[in-house]
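Shown next: protein-v9.cif, containing mmCIF, C-alpha atoms.
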data_start
#
loop_
_atom_site.label_atom_id
_atom_site.label_comp_id
_atom_site.auth_asym_id
_atom_site.auth_seq_id
_atom_site.Cartn_x
_atom_site.Cartn_y
_atom_site.Cartn_z
CA MET A 4 -78.42 27.46 -80.26
CA PRO A 5 -80.48 30.26 -78.68
CA LYS A 6 -79.16 33.74 -79.19
CA SER A 7 -78.85 34.58 -75.44
CA LYS A 8 -76.71 31.49 -74.79
CA PHE A 9 -74.38 32.44 -77.64
CA LEU A 10 -73.87 35.90 -76.07
CA TRP A 11 -73.09 34.33 -72.66
CA LEU A 12 -70.35 32.28 -74.32
CA LEU A 13 -68.78 35.39 -75.90
CA LEU A 14 -68.78 37.42 -72.66
CA PRO A 15 -65.53 35.97 -71.07
CA GLY A 16 -63.68 36.57 -74.34
CA PHE A 17 -64.92 40.16 -74.48
CA ILE A 18 -63.85 40.81 -70.87
CA PHE A 19 -60.40 39.32 -71.54
CA LEU A 20 -59.87 41.50 -74.62
CA SER A 21 -60.99 44.65 -72.75
CA LEU A 22 -58.56 43.90 -69.91
CA LEU A 23 -55.72 43.32 -72.35
CA ALA A 24 -56.43 46.59 -74.19
CA PHE A 25 -56.49 48.45 -70.86
CA LEU A 26 -53.10 47.04 -69.78
CA VAL A 27 -51.48 47.73 -73.13
CA SER A 28 -52.70 51.34 -73.10
CA LYS A 29 -51.33 51.91 -69.57
CA ALA A 30 -47.90 50.38 -70.09
CA PRO A 31 -46.25 53.06 -72.37
CA GLN A 32 -47.56 55.95 -70.18
CA LYS A 33 -45.77 54.59 -67.12
CA THR A 34 -42.49 54.42 -69.06
CA ALA A 35 -42.84 58.01 -70.31
CA VAL A 36 -43.47 59.38 -66.81
CA SER A 37 -40.46 57.67 -65.35
CA THR A 38 -38.17 58.92 -68.17
CA SER A 39 -39.25 62.55 -67.91
CA SER A 40 -38.98 62.57 -64.13
CA GLN A 41 -35.37 61.44 -64.37
CA LEU A 42 -34.31 64.12 -66.91
CA PRO A 43 -33.63 67.02 -64.51
CA ASN A 44 -31.52 64.80 -62.24
CA THR A 45 -29.41 63.25 -64.95
CA THR A 46 -28.75 66.46 -66.95
CA PRO A 47 -28.56 69.37 -64.51
CA SER A 48 -26.26 71.60 -66.56
CA VAL A 49 -27.68 71.13 -70.05
CA SER A 50 -27.53 74.48 -71.82
CA GLN A 51 -30.02 75.91 -74.28
CA ASN A 52 -28.11 74.67 -77.29
CA ASN A 53 -27.99 71.20 -75.75
CA ASN A 54 -24.20 71.29 -75.60
CA LEU A 55 -22.74 69.91 -72.40
CA SER A 56 -19.41 71.68 -72.99
CA VAL A 57 -20.82 75.19 -72.41
CA PRO A 58 -20.91 76.01 -68.68
CA SER A 59 -24.42 76.91 -67.61
CA GLN A 60 -23.15 80.15 -65.98
CA LEU A 61 -21.57 81.22 -69.28
CA GLN A 62 -24.79 80.44 -71.14
CA SER A 63 -26.74 82.44 -68.56
CA LEU A 64 -24.30 85.36 -68.88
CA ASN A 65 -24.66 85.23 -72.66
CA ASP A 66 -28.45 85.41 -72.27
CA GLN A 67 -28.11 88.40 -69.94
CA ILE A 68 -25.94 90.23 -72.47
CA LYS A 69 -28.40 89.49 -75.28
CA SER A 70 -31.33 90.84 -73.27
CA PHE A 71 -29.47 93.97 -72.12
CA ARG A 72 -31.49 97.15 -72.78
CA LEU A 73 -29.65 100.22 -74.00
CA THR A 74 -32.90 102.19 -73.95
CA ASP A 75 -33.82 101.54 -70.34
CA PRO A 76 -37.22 103.18 -69.60
CA GLU A 77 -36.03 103.82 -66.06
CA LEU A 78 -33.45 106.22 -67.47
CA ALA A 79 -35.74 107.97 -69.99
CA ALA A 80 -35.81 111.75 -69.59
CA PRO A 81 -39.15 113.55 -69.09
CA SER A 82 -40.39 115.83 -71.85
CA PHE A 83 -41.35 119.46 -71.33
CA ASP A 84 -43.17 122.12 -73.32
CA ARG A 85 -40.34 124.48 -74.11
CA ASP A 86 -42.32 127.68 -74.60
CA LEU A 87 -45.02 128.51 -72.03
CA ASP A 88 -45.85 131.83 -73.73
CA ILE A 89 -46.53 133.58 -70.42
CA PRO A 90 -48.69 136.74 -70.88
CA SER A 91 -47.85 140.11 -69.29
CA ASP A 92 -49.66 141.45 -66.19
CA MET B 20 -36.59 99.74 -56.02
CA LEU B 21 -36.22 101.20 -59.52
CA PRO B 22 -39.69 100.20 -60.81
CA ALA B 23 -41.18 102.18 -57.87
CA LEU B 24 -39.12 105.18 -58.92
CA LEU B 25 -40.38 104.73 -62.47
CA VAL B 26 -43.98 104.74 -61.26
CA SER B 27 -43.27 107.88 -59.22
CA LEU B 28 -41.79 109.62 -62.28
CA PHE B 29 -44.75 108.56 -64.41
CA ALA B 30 -47.17 110.06 -61.85
CA LEU B 31 -45.20 113.33 -61.78
CA GLN B 32 -45.21 113.45 -65.59
CA SER B 33 -48.98 113.02 -65.48
CA ASN B 34 -49.29 115.83 -62.88
CA TYR B 35 -47.22 118.07 -65.13
CA ARG B 36 -49.44 117.39 -68.16
CA THR B 37 -52.57 118.18 -66.12
CA ALA B 38 -51.01 121.39 -64.75
CA TYR B 39 -50.06 122.42 -68.27
CA GLN B 40 -53.62 121.98 -69.56
CA GLN B 41 -55.02 123.96 -66.62
CA TYR B 42 -52.51 126.74 -67.20
CA LEU B 43 -53.51 126.98 -70.89
CA LEU B 44 -57.14 127.29 -69.88
CA ALA B 45 -56.42 129.98 -67.23
CA LYS B 46 -54.14 131.89 -69.62
CA ASN B 47 -56.83 131.94 -72.33
CA GLN B 48 -59.42 133.22 -69.86
CA TYR B 49 -57.08 135.96 -68.65
CA GLN B 50 -56.24 137.02 -72.22
CA GLN B 51 -59.94 137.08 -73.05
CA TYR B 52 -61.33 138.94 -70.00
CA HIS B 53 -58.33 140.73 -68.40
CA THR B 54 -59.95 140.83 -64.95
CA GLU B 55 -58.15 140.67 -61.60
CA THR B 56 -59.77 137.30 -60.87
CA THR B 57 -58.60 135.73 -64.12
CA ARG B 58 -55.12 137.24 -63.59
CA LEU B 59 -54.84 135.68 -60.13
CA THR B 60 -56.10 132.34 -61.46
CA ALA B 61 -53.51 132.50 -64.25
CA ILE B 62 -50.72 133.21 -61.73
CA SER B 63 -51.89 130.39 -59.48
CA SER B 64 -52.10 127.84 -62.30
CA LEU B 65 -48.72 129.00 -63.63
CA LYS B 66 -47.11 128.52 -60.22
CA THR B 67 -48.54 124.99 -60.08
CA LEU B 68 -47.17 124.31 -63.55
CA LEU B 69 -43.68 125.68 -62.79
CA SER B 70 -43.60 123.76 -59.54
CA SER B 71 -44.64 120.43 -61.10
CA ARG B 72 -42.16 120.92 -63.95
CA ASN B 73 -39.37 121.62 -61.49
CA GLN B 74 -40.37 118.68 -59.29
CA LEU B 75 -40.41 116.35 -62.30
CA GLN B 76 -36.87 117.33 -63.34
CA LEU B 77 -35.67 117.19 -59.74
CA THR B 78 -37.05 113.67 -59.24
CA TYR B 79 -35.62 112.50 -62.57
CA LEU B 80 -32.11 113.71 -61.72
CA THR B 81 -32.39 112.26 -58.20
CA ASN B 82 -33.27 108.89 -59.73
CA LEU B 83 -30.34 109.17 -62.11
CA ARG B 84 -27.98 109.99 -59.24
CA GLN B 85 -29.26 106.90 -57.39
CA ALA B 86 -28.86 104.71 -60.48
CA LEU B 87 -25.32 106.05 -60.96
CA ALA B 88 -24.45 105.24 -57.36
CA ASP B 89 -25.95 101.74 -57.71
CA SER B 90 -24.15 100.99 -60.99
CA THR B 91 -20.72 102.38 -60.20
CA ASN B 92 -18.38 102.64 -57.25
CA ILE B 93 -17.78 106.37 -57.86
CA ALA B 94 -14.10 105.60 -58.18
CA ASN B 95 -12.93 107.20 -61.40
CA TYR B 96 -12.67 110.86 -62.28
CA SER B 97 -15.55 111.07 -64.79
CA GLN B 98 -18.01 109.32 -62.47
CA THR B 99 -17.04 111.53 -59.53
CA THR B 100 -17.36 114.66 -61.69
CA LEU B 101 -20.79 113.59 -62.90
CA TYR B 102 -21.94 112.88 -59.37
CA LEU B 103 -20.80 116.32 -58.18
CA ASN B 104 -22.43 118.05 -61.18
CA LEU B 105 -25.68 116.24 -60.43
CA GLU B 106 -25.49 117.41 -56.82
CA LYS B 107 -24.99 120.97 -58.01
CA GLU B 108 -27.90 120.77 -60.47
CA LEU B 109 -30.19 119.30 -57.82
CA SER B 110 -29.25 122.08 -55.43
CA THR B 111 -30.09 124.68 -58.12
CA LEU B 112 -33.47 123.05 -58.77
CA GLU B 113 -34.24 123.12 -55.05
CA GLN B 114 -33.47 126.84 -55.09
CA PHE B 115 -35.95 127.18 -57.98
CA SER B 116 -38.60 125.57 -55.78
CA SER B 117 -38.37 128.45 -53.29
CA ASP B 118 -38.20 131.03 -56.12
CA ILE B 119 -41.44 129.65 -57.58
CA SER B 120 -43.14 129.81 -54.16
CA GLY B 121 -42.33 133.54 -53.97
CA VAL B 122 -43.89 134.38 -57.37
CA SER B 123 -46.73 136.92 -57.08
CA SER B 124 -47.03 138.26 -60.64
CA LEU B 125 -46.96 137.03 -64.21
CA SER B 126 -43.75 139.00 -64.94
CA GLN B 127 -42.01 137.36 -61.97
CA ALA B 128 -43.21 133.97 -63.18
CA LYS B 129 -41.87 134.79 -66.63
CA ASP B 130 -38.41 135.59 -65.22
CA VAL B 131 -38.26 132.43 -63.09
CA SER B 132 -39.46 130.28 -65.99
CA SER B 133 -36.92 131.81 -68.40
CA SER B 134 -34.06 131.17 -65.96
CA TRP B 135 -35.24 127.58 -65.52
CA GLN B 136 -35.49 127.00 -69.27
CA LEU B 137 -32.05 128.50 -69.86
CA ARG B 138 -30.57 125.80 -67.65
CA LEU B 139 -32.39 122.97 -69.40
CA PRO B 140 -29.93 122.28 -72.29
CA ALA B 141 -27.04 121.95 -69.83
CA SER B 142 -29.20 119.79 -67.58
CA ASP B 143 -30.09 117.57 -70.56
CA THR B 144 -26.41 117.19 -71.45
CA LEU B 145 -25.65 116.24 -67.85
CA SER B 146 -28.42 113.65 -67.72
CA GLN B 147 -27.32 112.17 -71.08
CA SER B 148 -23.72 111.83 -69.83
CA THR B 149 -24.99 110.22 -66.63
CA LYS B 150 -27.14 107.74 -68.58
CA ASN B 151 -24.13 106.79 -70.71
CA GLN B 152 -21.99 106.31 -67.63
CA ILE B 153 -24.65 104.08 -66.01
CA LEU B 154 -24.97 101.94 -69.16
CA LEU B 155 -21.19 101.65 -69.51
CA ALA B 156 -20.85 100.57 -65.87
CA ARG B 157 -23.62 97.95 -66.27
CA LEU B 158 -21.97 96.60 -69.43
CA GLN B 159 -18.54 96.58 -67.78
CA LYS B 160 -19.92 94.40 -64.98
CA LEU B 161 -21.09 91.86 -67.56
CA GLN B 162 -17.74 92.08 -69.36
CA ASP B 163 -15.85 91.42 -66.11
CA GLN B 164 -17.91 88.27 -65.58
CA LEU B 165 -16.83 86.96 -69.00
CA LEU B 166 -13.11 87.23 -68.21
CA PRO B 167 -12.73 83.99 -66.17
CA TYR B 168 -14.10 82.04 -69.16
CA VAL B 169 -11.68 83.81 -71.49
CA ASP B 170 -8.75 83.05 -69.17
CA SER B 171 -9.61 79.35 -68.90
CA ALA B 172 -10.18 78.80 -72.64
CA SER B 173 -7.55 76.99 -74.72
CA PRO B 174 -5.46 79.15 -77.10
CA SER B 175 -6.95 79.46 -80.59
CA SER B 176 -7.57 82.02 -83.31
CA THR B 177 -11.17 82.39 -82.05
CA LEU B 178 -9.89 83.17 -78.57
CA ASP B 179 -7.57 85.83 -80.04
CA LEU B 180 -10.57 87.36 -81.82
CA ILE B 181 -12.59 87.35 -78.57
CA LYS B 182 -9.73 89.08 -76.73
CA SER B 183 -9.41 91.75 -79.41
CA LYS B 184 -13.16 92.45 -79.28
CA LEU B 185 -13.08 92.75 -75.49
CA GLN B 186 -10.08 95.06 -75.76
CA ALA B 187 -11.96 97.25 -78.26
CA ALA B 188 -14.98 97.21 -75.92
CA GLN B 189 -13.09 99.54 -73.57
CA THR B 190 -14.86 102.49 -75.15
CA ASP B 191 -17.05 105.33 -73.87
CA LYS B 192 -19.79 104.59 -76.42
CA PRO B 193 -22.49 102.33 -74.90
CA GLN B 194 -23.85 101.06 -78.24
CA LEU B 195 -20.39 100.09 -79.53
CA LYS B 196 -19.45 98.51 -76.20
CA TYR B 197 -22.68 96.49 -76.23
CA ASP B 198 -22.16 95.28 -79.83
CA LEU B 199 -18.59 94.16 -79.19
CA LEU B 200 -19.47 92.51 -75.89
CA LYS B 201 -22.32 90.60 -77.50
CA GLN B 202 -20.09 89.40 -80.36
CA ALA B 203 -17.36 88.32 -77.92
CA SER B 204 -19.87 86.51 -75.71
CA ASP B 205 -21.40 84.64 -78.67
CA LEU B 206 -17.94 83.60 -79.87
CA LEU B 207 -17.03 82.41 -76.40
CA VAL B 208 -20.14 80.22 -76.22
CA GLN B 209 -19.27 78.78 -79.64
CA LEU B 210 -15.70 78.14 -78.49
CA TYR B 211 -16.85 76.17 -75.44
CA ALA B 212 -19.44 74.31 -77.54
CA GLN B 213 -16.64 73.04 -79.83
CA LYS B 214 -14.80 71.38 -76.92
#
Turn this file's structure into structure tokens for me.
Amino acid sequence: MPKSKFLWLLLPGFIFLSLLAFLVSKAPQKTAVSTSSQLPNTTPSVSQNNNLSVPSQLQSLNDQIKSFRLTDPELAAPSFDRDLDIPSD
Amino acid sequence: MLPALLVSLFALQSNYRTAYQQYLLAKNQYQQYHTETTRLTAISSLKTLLSSRNQLQLTYLTNLRQALADSTNIANYSQTTLYLNLEKELSTLEQFSSDISGVSSLSQAKDVSSSWQLRLPASDTLSQSTKNQILLARLQKLQDQLLPYVDSASPSSTLDLIKSKLQAAQTDKPQLKYDLLKQASDLLVQLYAQK
């Protein structure tokens, strides 16, 4: 059998396998997208520690308390040079 | 609003530093040459320095007064007293502004500067008390928001501990109040998580 004819016989098989590989690679991605897009709708009040019992407002309040700054730069006093050592006239 | 005030204060602090460096330069030249020109330059640079120093303190206390008004409802005695003392201090600093404008000699400048510096420790004490009051008011607001969650929690030994911490948080020390509030808040989150 000539070599070119042998290649023509293999071509449909090669195309079929390529198509199958393409479909298999696409299938799991579609599932992942649909799952992640549903997450915000199905769990709107999930807190940071993943516990549904903690109200989201309480968790948010707890975060605010933790990030509270006792040394607020907006309240920091200016510094002055105490002694100007003014000369006489 | 407050970040803009912070930027304004930073700019005034920078002006003060520049004025201080220029005064040092003018003072050194006057001490070296003792001419009328160097004397007048020293007076002029000193007036700029005293004015920028006064303006910096005036702006700082004005910002504090605004922050106090924003954080509290000026309802209790200590807050009202602080507010009135700040008003008085601001009025004194405004009087210093006109005193500095009238300075025409180094000895006059020396007197005005000494009077200003004599007030500074009391002014520092006032600003520190005001800062504490602002922090306490901010923390109290957070504490008040926790109370509905405490009231709706089921009785338990953890809840009793939370209540005792919140009771102890009624203090006039900001650091202690913050520590107790944080502990109570963490415990409350744990309590709800156990449900």
Sorted by chain and rising residue number, list the residues of chain A at most 12 Å from chain B (counting all atoms listed in the file), each with its closest atom pair and distance in Å to one decimal, as a Markdown table.
| residue | atom | partner | partner_atom | distance |
| --- | --- | --- | --- | --- |
| A:Val49 | CA | B:Ala212 | CA | 11.6 |
| A:Ser50 | CA | B:Ala212 | CA | 9.9 |
| A:Gln51 | CA | B:Val208 | CA | 11.0 |
| A:Asn52 | CA | B:Ala212 | CA | 8.7 |
| A:Asn53 | CA | B:Ala212 | CA | 9.3 |
| A:Asn54 | CA | B:Ala212 | CA | 6.0 |
| A:Leu55 | CA | B:Ala212 | CA | 7.5 |
| A:Ser56 | CA | B:Ala212 | CA | 5.3 |
| A:Val57 | CA | B:Tyr211 | CA | 5.1 |
| A:Pro58 | CA | B:Tyr211 | CA | 7.9 |
| A:Ser59 | CA | B:Val208 | CA | 10.2 |
| A:Gln60 | CA | B:Gln164 | CA | 9.7 |
| A:Leu61 | CA | B:Val208 | CA | 7.2 |
| A:Gln62 | CA | B:Val208 | CA | 6.9 |
| A:Ser63 | CA | B:Val208 | CA | 10.4 |
| A:Leu64 | CA | B:Leu161 | CA | 7.4 |
| A:Asn65 | CA | B:Ser204 | CA | 5.8 |
| A:Asp66 | CA | B:Ser204 | CA | 9.3 |
| A:Gln67 | CA | B:Leu161 | CA | 8.2 |
| A:Ile68 | CA | B:Lys201 | CA | 6.2 |
| A:Lys69 | CA | B:Lys201 | CA | 6.6 |
| A:Ser70 | CA | B:Lys201 | CA | 10.0 |
| A:Phe71 | CA | B:Tyr197 | CA | 8.3 |
| A:Arg72 | CA | B:Leu154 | CA | 8.9 |
| A:Leu73 | CA | B:Leu154 | CA | 6.9 |
| A:Thr74 | CA | B:Leu154 | CA | 9.3 |
| A:Asp75 | CA | B:Leu154 | CA | 8.9 |
| A:Pro76 | CA | B:Leu25 | CA | 8.0 |
| A:Glu77 | CA | B:Leu25 | CA | 5.7 |
| A:Leu78 | CA | B:Lys150 | CA | 6.6 |
| A:Ala79 | CA | B:Tyr79 | CA | 8.7 |
| A:Ala80 | CA | B:Tyr79 | CA | 7.1 |
| A:Pro81 | CA | B:Gln32 | CA | 7.0 |
| A:Ser82 | CA | B:Gln32 | CA | 8.3 |
| A:Phe83 | CA | B:Arg72 | CA | 7.6 |
| A:Asp84 | CA | B:Tyr39 | CA | 8.5 |
| A:Arg85 | CA | B:Gln136 | CA | 7.3 |
| A:Asp86 | CA | B:Gln136 | CA | 8.7 |
| A:Leu87 | CA | B:Ser132 | CA | 8.4 |
| A:Asp88 | CA | B:Lys129 | CA | 8.7 |
| A:Ile89 | CA | B:Lys129 | CA | 6.1 |
| A:Pro90 | CA | B:Leu125 | CA | 6.9 |
| A:Ser91 | CA | B:Leu125 | CA | 6.0 |
| A:Asp92 | CA | B:Leu125 | CA | 5.5 |
**Study point:** Straight-line distance linking CA of Thr67 (chain B) with CA of Arg84 (chain B), stated in Å to one decimal
**Key:** 25.5 Å
Check your understanding: Using all atoms listed in the file, which residues sit within 8 Å of region 97-111 of chain B once same-chain residues fewer than 4 positions away are excluded, as a ChimeraX atom specification?
Key -> /B:77,80-81,84,87,91,93,115,142,145,148-149,152
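CA of Val131 (chain B) to CA of Asp118 (chain B) spans 7.1 Å [interatomic distance, one decimal].
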Near Ala187 (chain B), within 10 Å and counting all atoms listed in the file, which residues show up once chain neighbours fewer than 5 positions away are dropped, as a PDB file with C-alpha atoms, in the coordinates of the input?
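As written to disk, out25.pdb reads:
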ATOM      1  CA  ILE B 181     -12.590  87.350 -78.570  1.00  0.00           C
ATOM      2  CA  LYS B 182      -9.730  89.080 -76.730  1.00  0.00           C
ATOM      3  CA  LEU B 195     -20.390 100.090 -79.530  1.00  0.00           C
ATOM      4  CA  LYS B 196     -19.450  98.510 -76.200  1.00  0.00           C
ATOM      5  CA  LEU B 199     -18.590  94.160 -79.190  1.00  0.00           C
ATOM      6  CA  LEU B 200     -19.470  92.510 -75.890  1.00  0.00           C
TER       7      LEU B 200
END
Point to revise | One-decimal distance in Å that lies between CA of Ala88 (chain B) and CA of Asp163 (chain B) | key: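 If I compute the distance from CA of Asp163 (chain B) to CA of Ala88 (chain B), I get 18.5 Å.
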Practice item. Would you mind telling me which residue in B:Ala156, B:Leu185, B:Leu166, B:Ala172 lies nearest to Asn95 (chain B) when using all atoms listed in the file? Key: B:Ala156
Review point. Counting only C-alpha atoms, which of B:Gln159, B:Asn73, B:Thr177, B:Gln114 gets nearest to Asp191 (chain B)?
Key: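 Closest candidate: B:Gln159.
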